[in-house]
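As stored in start03.pdb (PDB, C-alpha atoms):
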ATOM      1  CA  MET A   4     222.553 296.642 171.046  1.00  0.00           C
ATOM      2  CA  PRO A   5     219.408 297.893 172.848  1.00  0.00           C
ATOM      3  CA  ASP A   6     219.788 300.611 175.446  1.00  0.00           C
ATOM      4  CA  GLU A   7     218.959 299.114 178.855  1.00  0.00           C
ATOM      5  CA  ASN A   8     217.882 302.557 180.180  1.00  0.00           C
ATOM      6  CA  SER A   9     215.509 303.318 177.310  1.00  0.00           C
ATOM      7  CA  ASP A  10     211.717 303.438 177.791  1.00  0.00           C
ATOM      8  CA  ILE A  11     211.237 302.408 174.155  1.00  0.00           C
ATOM      9  CA  ILE A  12     210.471 298.710 173.732  1.00  0.00           C
ATOM     10  CA  ASP A  13     211.633 297.233 170.424  1.00  0.00           C
ATOM     11  CA  GLN A  14     208.920 294.751 169.504  1.00  0.00           C
ATOM     12  CA  THR A  15     209.472 293.656 165.918  1.00  0.00           C
ATOM     13  CA  GLY A  16     207.908 290.646 164.268  1.00  0.00           C
ATOM     14  CA  ASP A  17     207.654 288.653 161.052  1.00  0.00           C
ATOM     15  CA  ILE A  18     203.870 288.562 160.591  1.00  0.00           C
ATOM     16  CA  LYS A  19     201.654 291.627 160.850  1.00  0.00           C
ATOM     17  CA  LEU A  20     197.874 291.539 160.635  1.00  0.00           C
ATOM     18  CA  GLU A  21     195.873 294.723 160.882  1.00  0.00           C
ATOM     19  CA  GLY A  22     192.409 295.844 159.911  1.00  0.00           C
ATOM     20  CA  ASN A  23     190.443 299.068 160.107  1.00  0.00           C
ATOM     21  CA  VAL A  24     186.869 300.115 159.499  1.00  0.00           C
ATOM     22  CA  GLU A  25     186.238 303.845 159.442  1.00  0.00           C
ATOM     23  CA  TYR A  26     183.075 305.854 158.881  1.00  0.00           C
ATOM     24  CA  ARG A  27     183.697 309.457 157.787  1.00  0.00           C
ATOM     25  CA  PHE A  28     181.030 312.125 157.649  1.00  0.00           C
ATOM     26  CA  ARG A  29     181.022 315.783 156.647  1.00  0.00           C
ATOM     27  CA  LEU A  30     180.433 318.359 159.379  1.00  0.00           C
ATOM     28  CA  SER A  31     181.327 321.393 157.256  1.00  0.00           C
ATOM     29  CA  LYS A  32     183.227 322.128 154.058  1.00  0.00           C
ATOM     30  CA  VAL A  33     186.590 321.620 155.763  1.00  0.00           C
ATOM     31  CA  LEU A  34     185.715 319.616 158.889  1.00  0.00           C
ATOM     32  CA  HIS A  35     184.821 315.914 158.745  1.00  0.00           C
ATOM     33  CA  GLY A  36     184.151 313.524 161.600  1.00  0.00           C
ATOM     34  CA  ALA A  37     185.308 309.923 161.849  1.00  0.00           C
ATOM     35  CA  LEU A  38     184.367 306.846 163.885  1.00  0.00           C
ATOM     36  CA  PHE A  39     186.627 303.813 163.648  1.00  0.00           C
ATOM     37  CA  VAL A  40     187.440 300.309 164.870  1.00  0.00           C
ATOM     38  CA  ASP A  41     190.942 298.823 164.530  1.00  0.00           C
ATOM     39  CA  ALA A  42     192.193 295.272 165.115  1.00  0.00           C
ATOM     40  CA  GLY A  43     195.530 293.522 164.752  1.00  0.00           C
ATOM     41  CA  ASN A  44     198.729 292.120 166.193  1.00  0.00           C
ATOM     42  CA  ILE A  45     202.312 291.185 165.278  1.00  0.00           C
ATOM     43  CA  TRP A  46     203.821 287.700 165.647  1.00  0.00           C
ATOM     44  CA  LEU A  47     207.084 285.844 165.100  1.00  0.00           C
ATOM     45  CA  LEU A  48     207.569 282.941 162.693  1.00  0.00           C
ATOM     46  CA  ASN A  49     209.913 281.143 165.108  1.00  0.00           C
ATOM     47  CA  PRO A  50     209.991 280.970 168.908  1.00  0.00           C
ATOM     48  CA  ASP A  51     212.189 283.502 170.719  1.00  0.00           C
ATOM     49  CA  GLU A  52     213.258 282.808 174.305  1.00  0.00           C
ATOM     50  CA  ASN A  53     213.143 286.560 175.050  1.00  0.00           C
ATOM     51  CA  ARG A  54     209.518 286.792 173.867  1.00  0.00           C
ATOM     52  CA  PRO A  55     207.673 283.638 174.924  1.00  0.00           C
ATOM     53  CA  GLY A  56     204.306 283.120 173.274  1.00  0.00           C
ATOM     54  CA  ALA A  57     205.028 285.599 170.458  1.00  0.00           C
ATOM     55  CA  GLU A  58     205.192 283.011 167.692  1.00  0.00           C
ATOM     56  CA  PHE A  59     202.290 282.675 165.260  1.00  0.00           C
ATOM     57  CA  HIS A  60     199.937 279.691 165.520  1.00  0.00           C
ATOM     58  CA  PHE A  61     197.002 279.517 163.133  1.00  0.00           C
ATOM     59  CA  SER A  62     194.866 277.802 165.775  1.00  0.00           C
ATOM     60  CA  SER A  63     195.170 280.656 168.300  1.00  0.00           C
ATOM     61  CA  PHE A  64     195.910 283.884 166.421  1.00  0.00           C
ATOM     62  CA  ALA A  65     192.299 285.137 166.567  1.00  0.00           C
ATOM     63  CA  ASN A  66     192.412 285.058 170.382  1.00  0.00           C
ATOM     64  CA  GLN A  67     195.549 287.225 170.276  1.00  0.00           C
ATOM     65  CA  LEU A  68     194.072 290.117 168.290  1.00  0.00           C
ATOM     66  CA  ALA A  69     193.900 293.499 169.977  1.00  0.00           C
ATOM     67  CA  VAL A  70     190.845 295.670 169.233  1.00  0.00           C
ATOM     68  CA  GLY A  71     190.464 299.410 169.669  1.00  0.00           C
ATOM     69  CA  THR A  72     187.930 302.057 168.744  1.00  0.00           C
ATOM     70  CA  GLY A  73     187.717 305.807 168.685  1.00  0.00           C
ATOM     71  CA  SER A  74     186.659 308.980 167.005  1.00  0.00           C
ATOM     72  CA  GLY A  75     188.293 312.000 165.502  1.00  0.00           C
ATOM     73  CA  PHE A  76     188.235 314.911 163.134  1.00  0.00           C
ATOM     74  CA  ARG A  77     189.603 315.280 159.616  1.00  0.00           C
ATOM     75  CA  PHE A  78     190.488 318.795 158.497  1.00  0.00           C
ATOM     76  CA  ASP A  79     190.421 318.649 154.685  1.00  0.00           C
ATOM     77  CA  PHE A  80     192.288 321.646 153.300  1.00  0.00           C
ATOM     78  CA  SER A  81     192.288 320.114 149.772  1.00  0.00           C
ATOM     79  CA  PHE A  82     196.102 320.289 149.544  1.00  0.00           C
ATOM     80  CA  PHE A  83     196.556 318.232 152.726  1.00  0.00           C
ATOM     81  CA  ILE A  84     194.478 316.553 155.428  1.00  0.00           C
ATOM     82  CA  LEU A  85     195.114 316.928 159.145  1.00  0.00           C
ATOM     83  CA  ARG A  86     193.787 314.079 161.333  1.00  0.00           C
ATOM     84  CA  THR A  87     193.135 314.162 165.071  1.00  0.00           C
ATOM     85  CA  ASP A  88     191.965 311.013 166.832  1.00  0.00           C
ATOM     86  CA  PHE A  89     191.214 309.745 170.302  1.00  0.00           C
ATOM     87  CA  GLY A  90     191.566 305.964 170.449  1.00  0.00           C
ATOM     88  CA  PHE A  91     190.497 303.572 173.214  1.00  0.00           C
ATOM     89  CA  PRO A  92     191.408 299.906 173.743  1.00  0.00           C
ATOM     90  CA  LEU A  93     188.540 297.404 173.837  1.00  0.00           C
ATOM     91  CA  ARG A  94     190.525 294.171 173.813  1.00  0.00           C
ATOM     92  CA  LEU A  95     194.189 293.512 174.565  1.00  0.00           C
ATOM     93  CA  ALA A  96     196.354 291.037 172.660  1.00  0.00           C
ATOM     94  CA  TYR A  97     197.104 289.270 175.954  1.00  0.00           C
ATOM     95  CA  PRO A  98     194.850 288.272 178.849  1.00  0.00           C
ATOM     96  CA  THR A  99     194.758 290.198 182.120  1.00  0.00           C
ATOM     97  CA  ASN A 100     192.557 288.969 184.970  1.00  0.00           C
ATOM     98  CA  ASP A 101     191.595 285.923 182.855  1.00  0.00           C
ATOM     99  CA  SER A 102     190.220 288.022 179.958  1.00  0.00           C
ATOM    100  CA  ASN A 103     191.545 289.972 176.975  1.00  0.00           C
ATOM    101  CA  TRP A 104     188.579 292.369 177.050  1.00  0.00           C
ATOM    102  CA  ILE A 105     188.852 295.698 178.862  1.00  0.00           C
ATOM    103  CA  GLY A 106     186.706 295.340 181.968  1.00  0.00           C
ATOM    104  CA  SER A 107     186.053 298.917 183.057  1.00  0.00           C
ATOM    105  CA  THR A 108     185.745 302.469 181.829  1.00  0.00           C
ATOM    106  CA  LYS A 109     188.760 303.370 183.971  1.00  0.00           C
ATOM    107  CA  GLU A 110     190.924 300.801 182.146  1.00  0.00           C
ATOM    108  CA  MET A 111     189.664 302.129 178.830  1.00  0.00           C
ATOM    109  CA  MET A 112     190.407 305.743 179.762  1.00  0.00           C
ATOM    110  CA  ASP A 113     193.846 304.797 181.109  1.00  0.00           C
ATOM    111  CA  GLY A 114     194.643 303.306 177.694  1.00  0.00           C
ATOM    112  CA  MET A 115     193.364 306.301 175.711  1.00  0.00           C
ATOM    113  CA  VAL A 116     195.714 307.593 173.009  1.00  0.00           C
ATOM    114  CA  PHE A 117     195.630 310.924 171.149  1.00  0.00           C
ATOM    115  CA  SER A 118     197.006 310.933 167.609  1.00  0.00           C
ATOM    116  CA  LEU A 119     197.820 313.854 165.324  1.00  0.00           C
ATOM    117  CA  ALA A 120     198.773 313.046 161.743  1.00  0.00           C
ATOM    118  CA  ILE A 121     198.921 314.474 158.232  1.00  0.00           C
ATOM    119  CA  GLY A 122     197.214 312.573 155.401  1.00  0.00           C
ATOM    120  CA  TYR A 123     195.317 309.309 155.418  1.00  0.00           C
ATOM    121  CA  PRO A 124     197.211 306.136 156.319  1.00  0.00           C
ATOM    122  CA  PHE A 125     195.463 304.219 153.533  1.00  0.00           C
TER     123      PHE A 125
END

Can you dump the structure from the file as structure tokens?
Amino acid sequence: MPDENSDIIDQTGDIKLEGNVEYRFRLSKVLHGALFVDAGNIWLLNPDENRPGAEFHFSSFANQLAVGTGSGFRFDFSFFILRTDFGFPLRLAYPTNDSNWIGSTKEMMDGMVFSLAIGYPF
């Protein structure tokens, strides 16, 4: 049973589509830079009254893809890699103000995310 007072939104789905393009370049022996673009979304196979519009339709899935970009550093210590990234949304999976695309730098900066991770995700 979900906690009604929780700030965490449980958004699971049946179909997951994600893609990433990343360009990595050496800045020093240990420090590498990275520029990336990510895209994806998650859908349901069947309609759910609690999540209207979340079901997958082949004819419209491309218009529901979210797109983000960013840059970061990779600290390659040979026995492990530490990643730091700043990511920015470019396109939302849902329309706001009649468009999915982020319309201003302020919106982009408001959606900025910092990530710290160990190892490569792929």

Around (192.5, 312.0, 159.8) in the file's own coordinates, what residues are found within 9 Å if you use only C-alpha atoms, given back as number ranges by chain? A: 35-37, 75-79, 84-88, 119-124

Is there a way to get, as a VMD selection string, all residues within 10 Å of the point (210.6, 290.9, 170.4) in file coordinates, counting only C-alpha atoms? chain A and resid 12 to 16 45 to 47 51 to 55 57 to 58

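The environment of A:Arg94 within 9 Å, counting only C-alpha atoms and disregarding residues fewer than 6 places along the same chain, consists of Ala42, Leu68, Ala69, Val70, Gly71, Ser102, Asn103, Trp104 and Ile105 of chain A.
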
Mind writing the picked residues with C-alpha atoms as a CSV table (one decimal), in the frame of the given file?
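The new file selection-v6.csv reads:
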chain,number,residue,atom,x,y,z
A,42,ALA,CA,192.2,295.3,165.1
A,68,LEU,CA,194.1,290.1,168.3
A,69,ALA,CA,193.9,293.5,170.0
A,70,VAL,CA,190.8,295.7,169.2
A,71,GLY,CA,190.5,299.4,169.7
A,102,SER,CA,190.2,288.0,180.0
A,103,ASN,CA,191.5,290.0,177.0
A,104,TRP,CA,188.6,292.4,177.0
A,105,ILE,CA,188.9,295.7,178.9

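Here the question is which of A:Thr72, A:Asn44, A:Asn66, A:Asn49 gets nearest to A:Met115 using all atoms listed in the file, and that residue is A:Thr72.
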
Which of these, A:Pro92, A:Leu30, A:Phe39, A:Phe61, has the shortest distance to A:Gly114 once you count all atoms listed in the file? A:Pro92

How many Å lie between atom CA of A:Gly90 and atom CA of A:Ile18, rounded to one decimal?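 Interatomic distance, atom CA of A:Gly90 to atom CA of A:Ile18: 23.5 Å.
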
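Minimum atom-to-atom distances from A:Leu38, A:Val116, A:Ala96, A:Met111 to A:Ser63 were compared using only C-alpha atoms, and the lowest value belongs to A:Ala96.
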
Length of the atom CA of A:Gly22 to atom CA of A:Phe89 vector [Å]: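 If I compute the distance from atom CA of A:Gly22 to atom CA of A:Phe89, I get 17.4 Å.
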
Between atom CA of A:Gly43 and atom CA of A:Asp17, what is the distance in Å, rounded to a tenth? 13.6 Å

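When all atoms listed in the file are used to measure the gap to A:Phe64, the shortest distance among A:Leu20, A:Asp41, A:Lys109, A:Ser118 belongs to A:Leu20.
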